[in-house]
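The structure appears below as C-alpha cells.
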Protein chains: 2
Amino acid sequence: MVQNKFDLDSYLKEKSQKIEKVLERYFPSEKNYAERVICAGKYSLFAGGKRIRPILCLAGCEVVGGEWEKILLFAAGIECIHTYSLIHDDLPCMDNDDFRRGKPSCHKAFDEATAILAGDGLQALAFYFFTHPDLVKNINNKIKLLKAIHFISKAVGFEGMVGGQMVDLIMEGKKGNSKILKWIHFNKTAKLIEASIVSGALLGGATSKELKALSSYGKNLGYAFQIIDDLLDILGDEEKLGKKIFSDIKKQKLTYPQLIGIEKTKELAKKYTEKAILSLIPFKERGIPLKSIAEFLLHRVY
Amino acid sequence: MVQNKFDLDSYLKEKSQKIEKVLERYFPSEKNYAERVICAGKYSLFAGGKRIRPILCLAGCEVVGGEWEKILLFAAGIECIHTYSLIHDDLPCMDNDDFRRGKPSCHKAFDEATAILAGDGLQALAFYFFTHPDLVKNINNKIKLLKAIHFISKAVGFEGMVGGQMVDLIMEGKKGNSKILKWIHFNKTAKLIEASIVSGALLGGATSKELKALSSYGKNLGYAFQIIDDLLDILGDEEKLGKKIFSDIKKQKLTYPQLIGIEKTKELAKKYTEKAILSLIPFKERGIPLKSIAEFLLHRVY
C-alpha cells in the first residue's frame, strides 16, 4: 500500500530544509547601520520553527500537480508573516510572553522598539519575497501570483489574523461562548493556514474544485491546529514546547479547555482533523502527505 | 506661459479627494468582532493627512503619460503604509508622541496593543490594495505591477523605512555625523517617497530613462522633505503642525539643525529641492506639477 510507504519525517525534512535555505539566502544582509533590527528579525525567524505553514503551501502546490520547488520564495514569505505575528503577539502589551521556542522572545533578547520594527520588517519582507523576480519568472500566469498575494494579504489583515488577535486580547478575562471563540480561531489561526495551502495550490495550477477542497482542508486543519495549541498549553511539555504552560489560564484567555473541558476539547480537535482529512478525498493517494500532516499535528495531544 | 496657469491647489485637491474616496470605499467594514482595531486603523488613516505620497504616486504616473485614475488603489495602499509607520513611530517605546495631526495619537486614543495591531493591519491592507482585482484589471502588464509592489516592499522594509527608523532610534542622544544622518533620512523617509513616484511611473508605462529621472527627483525630494520636517520641529507652528514642536530636541534626535544649525539646514533643504527640480528637465512642461509640489513643500520653511 502506498500509504505505508509514505515517510512523513523525510517529507517534512526535505521541504523544511529547502525553505531554510531560501530564507537564509534571501534574508537581507545585516552589514549596514540597521544591523540591530535585521539581527532581531533573523533571531526570531531562525529560532527553530517547524515551518508548518510554508510546508503546507508547498504541499498545496504539489497535491495539485504543481512544481513546489518553483514557489519556495512564496512559501518562505509566509513564514516571515508567521514569525512577525509571533514577535508582535509576544510583546508586553499583547500576550506578554518572555519565552518562545525555548529562547527569550524577541523583545526580551533585544527591546520592544526593536521587536516591533523587526515584526514590521518581516511583514514587508514577506511581500518582497512574494514579488521577487526569482519567483515571478517561475510563475507563467502572473494573475495567479497576484491572486495568491491578495488572498494572503486579506488572511493576515484586519479581516483575518490581525482582527483575530485583537478579539483574542479583548476577550481576556471576559465570559465568552463557542461562537466567538470559533471566530477568534478562524481569524487568528485558520485563515493563514488556509491561505498557505490555497495560495500554494493556486500557484500550482489548481482547478476551482481543487481549491475548494483544499480551502476546506485548510480551514479545518487550522481549527484543529489552534485547539491543539490550546490543549498543549495544559497538557504539553514545557521543554518540548519551548515555553511555559498554563499561560492561557494565567491570562484568562478564552479557550475550549476553559469553555468545555479537556476531554471534549480533545474530541473537537479530532473532529476537525477528521473533517480536514475528509476534504482530501478528491485527491486520492496524492492527498496522503496532507493527511499525514493533519494526523501528525493531532497526535501531539493524542 | 503654461507655468502661470498651473493651479497647484486644485491639482492637490482633485487628487487627494479621489484618494480619499478610494480609501473610504475599500477600507474593511468595522461591523465585526474586530471593530476596535478596524476603527483604530480608520482613526489614523482619516486623521487629515495631506496624502503627499499617494499624490506623488499619481503624479509619477501622469508625468509619463499614464492614466492616473487607473492606479488609485495603488496610491491608496501607499498611504496605508505611511499611516502604519506613523502609528508605530508614535508608540511609547519608539518616539513616544502623544499627538499627531492635532489629535491624540493612535495608542492614546485606543491603547498600545490596538495601535500595534492597527499598524500591522494597515500594512497588510496596503498589499491587499496593491493586488486588488479592481486594480489588477487596469494594468495590462502584470509584471510591472509585481515590480512596483516589489519596489515598495523593499523601500519600507529592513533595507528601507524600518531600518531607517531603527537607526533614528539608536542615534538618540548619541554623537552623529552627516553621513549617518543622510543614511537615516534616505532610509526612513526618502526611499518611500522615491518608491511612491517610481511605482506610479512604472505603472504609467515609464521608459527606463524616465524612471531614472523620477528616481532622482524622488530621492532628492525625500531628503528635502525630511530636512524640512526637522526644521518645522523648531520653526513650525504647533497648531498648524498638529503636534508639539521641539520634540526632536527633547528626544536628542540626530537632526541637521542640531548638527549644522538652522540657516545651513535651510540652505540644504533648498539645495535638495533644486536638485529634485533639475531632475525634471526631461519632462519639460509636463514636469510642472512635480516642480510645484517640491516648491510648495520647501515654502513651508521659506
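Letters A, B, ... go to the chains of the C-alpha cells in the order shown; residues in each chain start at 1; ligands are counted from 1 in the same order.
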Report task. Please identify which residues in segment 43-115 of chain B DSSP calls strand (DSSP E or B) from the backbone, and express them as a ChimeraX atom specification. Result -> /B:99-100,103-104
Requested in this report: For chain B, report every residue with an atom at most 6 Å from chain A (counting only C-alpha atoms), formatted as a PyMOL selection string.
Outcome: chain B and resi 34+93-94+113+121+124+128+131+146+150+153+157-158+162-163+167
**Report entry** Residue contacts of Ser216 of chain B (8 Å, only C-alpha atoms) excluding same-chain residues fewer than 4 positions away, as a PyMOL selection string
**Finding:** chain B and resi 194+212+220+276+279
Requested in this report: Please identify all polymer residues within 8 Å of Ser16 of chain A, counting only C-alpha atoms, omitting same-chain residues fewer than 5 positions from it, and present them as a VMD selection string.
Outcome: chain A and resid 50 to 51 55
Query raised in the report: Using the chain letters and numbers from this document, which residues of segment 3-138 of chain B does DSSP assign to alpha helix (DSSP H), as number ranges by chain?
Result: B: 3-5, 8-26, 35-45, 52-63, 72-89, 106-109, 112-130, 133-136
So that I have them on file, write out the residues from the current selection with C-alpha atoms, as a PDB file, in the first residue's frame.
ATOM      1  CA  GLN B   3       3.501  77.585 -15.620  1.00  0.00           C
ATOM      2  CA  ASN B   4       1.436  80.555 -14.541  1.00  0.00           C
ATOM      3  CA  LYS B   5      -1.726  78.732 -15.416  1.00  0.00           C
ATOM      4  CA  LEU B   8      -1.371  73.510  -7.512  1.00  0.00           C
ATOM      5  CA  ASP B   9      -4.212  73.823  -5.025  1.00  0.00           C
ATOM      6  CA  SER B  10      -6.762  72.413  -7.461  1.00  0.00           C
ATOM      7  CA  TYR B  11      -4.282  69.757  -8.558  1.00  0.00           C
ATOM      8  CA  LEU B  12      -3.693  68.548  -4.996  1.00  0.00           C
ATOM      9  CA  LYS B  13      -7.370  68.826  -4.124  1.00  0.00           C
ATOM     10  CA  GLU B  14      -8.573  66.777  -7.079  1.00  0.00           C
ATOM     11  CA  LYS B  15      -6.091  64.010  -6.457  1.00  0.00           C
ATOM     12  CA  SER B  16      -6.456  63.864  -2.681  1.00  0.00           C
ATOM     13  CA  GLN B  17     -10.246  63.764  -2.942  1.00  0.00           C
ATOM     14  CA  LYS B  18     -10.060  60.787  -5.272  1.00  0.00           C
ATOM     15  CA  ILE B  19      -7.615  59.045  -2.917  1.00  0.00           C
ATOM     16  CA  GLU B  20      -9.948  59.763  -0.012  1.00  0.00           C
ATOM     17  CA  LYS B  21     -12.860  58.177  -1.816  1.00  0.00           C
ATOM     18  CA  VAL B  22     -10.923  55.031  -2.666  1.00  0.00           C
ATOM     19  CA  LEU B  23      -9.662  54.685   0.903  1.00  0.00           C
ATOM     20  CA  GLU B  24     -13.199  55.034   2.220  1.00  0.00           C
ATOM     21  CA  ARG B  25     -14.686  52.652  -0.301  1.00  0.00           C
ATOM     22  CA  TYR B  26     -12.145  49.872   0.126  1.00  0.00           C
ATOM     23  CA  GLU B  35     -14.377  46.563  15.243  1.00  0.00           C
ATOM     24  CA  ARG B  36     -11.900  48.068  17.711  1.00  0.00           C
ATOM     25  CA  VAL B  37      -8.780  47.584  15.610  1.00  0.00           C
ATOM     26  CA  ILE B  38     -10.566  48.499  12.383  1.00  0.00           C
ATOM     27  CA  CYS B  39     -11.763  51.745  13.994  1.00  0.00           C
ATOM     28  CA  ALA B  40      -8.234  52.440  15.216  1.00  0.00           C
ATOM     29  CA  GLY B  41      -6.840  51.963  11.722  1.00  0.00           C
ATOM     30  CA  LYS B  42      -9.523  54.248  10.311  1.00  0.00           C
ATOM     31  CA  TYR B  43      -8.951  56.809  13.058  1.00  0.00           C
ATOM     32  CA  SER B  44      -5.340  57.274  11.992  1.00  0.00           C
ATOM     33  CA  LEU B  45      -5.897  56.863   8.264  1.00  0.00           C
ATOM     34  CA  ILE B  52       1.565  63.643  -0.281  1.00  0.00           C
ATOM     35  CA  ARG B  53       2.923  60.170  -1.025  1.00  0.00           C
ATOM     36  CA  PRO B  54      -0.103  58.842  -2.915  1.00  0.00           C
ATOM     37  CA  ILE B  55      -0.369  62.165  -4.783  1.00  0.00           C
ATOM     38  CA  LEU B  56       3.273  61.754  -5.817  1.00  0.00           C
ATOM     39  CA  CYS B  57       2.457  58.234  -6.979  1.00  0.00           C
ATOM     40  CA  LEU B  58      -0.372  59.539  -9.162  1.00  0.00           C
ATOM     41  CA  ALA B  59       1.788  62.427 -10.368  1.00  0.00           C
ATOM     42  CA  GLY B  60       4.536  59.939 -11.285  1.00  0.00           C
ATOM     43  CA  CYS B  61       2.021  58.044 -13.392  1.00  0.00           C
ATOM     44  CA  GLU B  62       0.699  61.193 -15.028  1.00  0.00           C
ATOM     45  CA  VAL B  63       4.055  62.753 -15.861  1.00  0.00           C
ATOM     46  CA  LEU B  72      -5.811  54.979  -7.395  1.00  0.00           C
ATOM     47  CA  LEU B  73      -5.868  51.757  -5.386  1.00  0.00           C
ATOM     48  CA  PHE B  74      -2.116  51.541  -5.644  1.00  0.00           C
ATOM     49  CA  ALA B  75      -1.716  55.102  -4.408  1.00  0.00           C
ATOM     50  CA  ALA B  76      -4.181  54.409  -1.592  1.00  0.00           C
ATOM     51  CA  GLY B  77      -2.073  51.437  -0.494  1.00  0.00           C
ATOM     52  CA  ILE B  78       0.975  53.695  -0.187  1.00  0.00           C
ATOM     53  CA  GLU B  79      -0.961  55.948   2.196  1.00  0.00           C
ATOM     54  CA  CYS B  80      -1.847  52.883   4.310  1.00  0.00           C
ATOM     55  CA  ILE B  81       1.850  52.075   4.664  1.00  0.00           C
ATOM     56  CA  HIS B  82       2.692  55.656   5.551  1.00  0.00           C
ATOM     57  CA  THR B  83      -0.061  55.738   8.185  1.00  0.00           C
ATOM     58  CA  TYR B  84       1.033  52.432   9.703  1.00  0.00           C
ATOM     59  CA  SER B  85       4.564  53.815  10.046  1.00  0.00           C
ATOM     60  CA  LEU B  86       3.272  56.907  11.864  1.00  0.00           C
ATOM     61  CA  ILE B  87       1.211  54.810  14.289  1.00  0.00           C
ATOM     62  CA  HIS B  88       4.173  52.601  15.170  1.00  0.00           C
ATOM     63  CA  ASP B  89       6.628  55.539  15.323  1.00  0.00           C
ATOM     64  CA  CYS B 106      -3.493  56.068  17.976  1.00  0.00           C
ATOM     65  CA  HIS B 107      -2.147  54.432  21.158  1.00  0.00           C
ATOM     66  CA  LYS B 108      -3.520  57.356  23.181  1.00  0.00           C
ATOM     67  CA  ALA B 109      -6.970  57.277  21.591  1.00  0.00           C
ATOM     68  CA  GLU B 112      -0.779  50.222  22.696  1.00  0.00           C
ATOM     69  CA  ALA B 113      -1.871  46.745  21.662  1.00  0.00           C
ATOM     70  CA  THR B 114      -4.616  48.143  19.455  1.00  0.00           C
ATOM     71  CA  ALA B 115      -2.217  50.650  17.901  1.00  0.00           C
ATOM     72  CA  ILE B 116       0.371  47.992  17.092  1.00  0.00           C
ATOM     73  CA  LEU B 117      -2.312  45.791  15.548  1.00  0.00           C
ATOM     74  CA  ALA B 118      -3.844  48.724  13.645  1.00  0.00           C
ATOM     75  CA  GLY B 119      -0.425  49.408  12.130  1.00  0.00           C
ATOM     76  CA  ASP B 120       0.031  45.755  11.263  1.00  0.00           C
ATOM     77  CA  GLY B 121      -3.409  45.670   9.670  1.00  0.00           C
ATOM     78  CA  LEU B 122      -2.700  48.802   7.637  1.00  0.00           C
ATOM     79  CA  GLN B 123       0.500  47.319   6.259  1.00  0.00           C
ATOM     80  CA  ALA B 124      -1.373  44.170   5.204  1.00  0.00           C
ATOM     81  CA  LEU B 125      -4.153  46.322   3.756  1.00  0.00           C
ATOM     82  CA  ALA B 126      -1.630  48.123   1.559  1.00  0.00           C
ATOM     83  CA  PHE B 127      -0.631  44.886  -0.127  1.00  0.00           C
ATOM     84  CA  TYR B 128      -4.283  43.895  -0.302  1.00  0.00           C
ATOM     85  CA  PHE B 129      -4.905  47.100  -2.263  1.00  0.00           C
ATOM     86  CA  PHE B 130      -1.812  46.591  -4.447  1.00  0.00           C
ATOM     87  CA  PRO B 133      -8.737  42.782  -8.739  1.00  0.00           C
ATOM     88  CA  ASP B 134     -10.104  46.303  -9.352  1.00  0.00           C
ATOM     89  CA  LEU B 135      -6.520  47.485  -9.765  1.00  0.00           C
ATOM     90  CA  VAL B 136      -5.140  44.381 -11.485  1.00  0.00           C
TER      91      VAL B 136
END
Query raised in the report: Which one is closest to Gln252 of chain A: A:Leu235, A:Met171, A:Val64, A:Leu298? Count only C-alpha atoms.
Result: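 Result for the nearest residue to Gln252 of chain A: A:Met171.
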**Report entry** Residue among A:Ile139, A:Ile228, A:Ile193, A:Leu203 lying closest to Leu268 of chain A, counting only C-alpha atoms
**Finding:**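 Among A:Ile139, A:Ile228, A:Ile193, A:Leu203, it is A:Ile228 that comes nearest to Leu268 of chain A.
Shell of Phe246 of chain B at 12 Å, with only C-alpha atoms counted and residues fewer than 6 places along the chain excluded, is Asp97, Asp229, Asp230, Leu231, Leu232, Asp233, Ile234, Leu235, Gly236, Asp237, Glu238, Gln252, Lys253, Thr255, Pro257 and Gln258 of chain B.
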Convert the current residue selection to file output with C-alpha atoms, as an mmCIF file, in the first residue's frame.
data_model
loop_
_atom_site.group_PDB
_atom_site.id
_atom_site.type_symbol
_atom_site.label_atom_id
_atom_site.label_comp_id
_atom_site.auth_asym_id
_atom_site.auth_seq_id
_atom_site.Cartn_x
_atom_site.Cartn_y
_atom_site.Cartn_z
ATOM 1 C CA ASP B 97 4.450 61.099 20.715
ATOM 2 C CA ASP B 229 10.273 68.261 8.757
ATOM 3 C CA ASP B 230 13.208 68.660 11.143
ATOM 4 C CA LEU B 231 13.163 72.437 10.611
ATOM 5 C CA LEU B 232 9.434 72.600 11.311
ATOM 6 C CA ASP B 233 10.091 70.920 14.643
ATOM 7 C CA ILE B 234 11.887 74.143 15.555
ATOM 8 C CA LEU B 235 10.344 76.843 13.353
ATOM 9 C CA GLY B 236 6.843 75.453 12.894
ATOM 10 C CA ASP B 237 3.501 76.458 14.324
ATOM 11 C CA GLU B 238 2.142 73.872 16.755
ATOM 12 C CA GLN B 252 18.027 64.365 21.498
ATOM 13 C CA LYS B 253 17.375 63.226 17.954
ATOM 14 C CA THR B 255 18.993 66.248 13.019
ATOM 15 C CA PRO B 257 19.601 71.816 12.783
ATOM 16 C CA GLN B 258 21.413 70.186 15.696
#
Query raised in the report: Which distance in Å separates atom CA of Ile197 of chain A and atom CA of Leu241 of chain A, to one decimal?
Result: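 Distance reported for this atom pair: 24.4 Å.
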10 Å contact set for Tyr302 of chain B, only C-alpha atoms, chain neighbours under 6 positions out, as a PDB file with C-alpha atoms, in the first residue's frame:
ATOM      1  CA  ILE B 228      12.020  70.480   6.216  1.00  0.00           C
ATOM      2  CA  LYS B 266      17.554  75.744   5.364  1.00  0.00           C
ATOM      3  CA  GLU B 267      20.137  76.052   2.617  1.00  0.00           C
ATOM      4  CA  ALA B 269      16.627  71.897   2.101  1.00  0.00           C
ATOM      5  CA  LYS B 270      16.783  74.394  -0.750  1.00  0.00           C
ATOM      6  CA  GLU B 295       8.436  74.212  -4.213  1.00  0.00           C
ATOM      7  CA  PHE B 296       5.281  74.007  -2.133  1.00  0.00           C
TER       8      PHE B 296
END
Requested in this report: Between A:Asp7, A:Leu221, A:His185, A:Ser247, single out the one closest to Asn96 of chain A, counting only C-alpha atoms.
Outcome: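 Of all the options, A:Ser247 lies closest to Asn96 of chain A.
When only C-alpha atoms are used to compute distances to Gly222 of chain A, the closest of the residues A:Leu297, A:Lys244, A:Phe283, A:Ser178 turns out to be A:Leu297.
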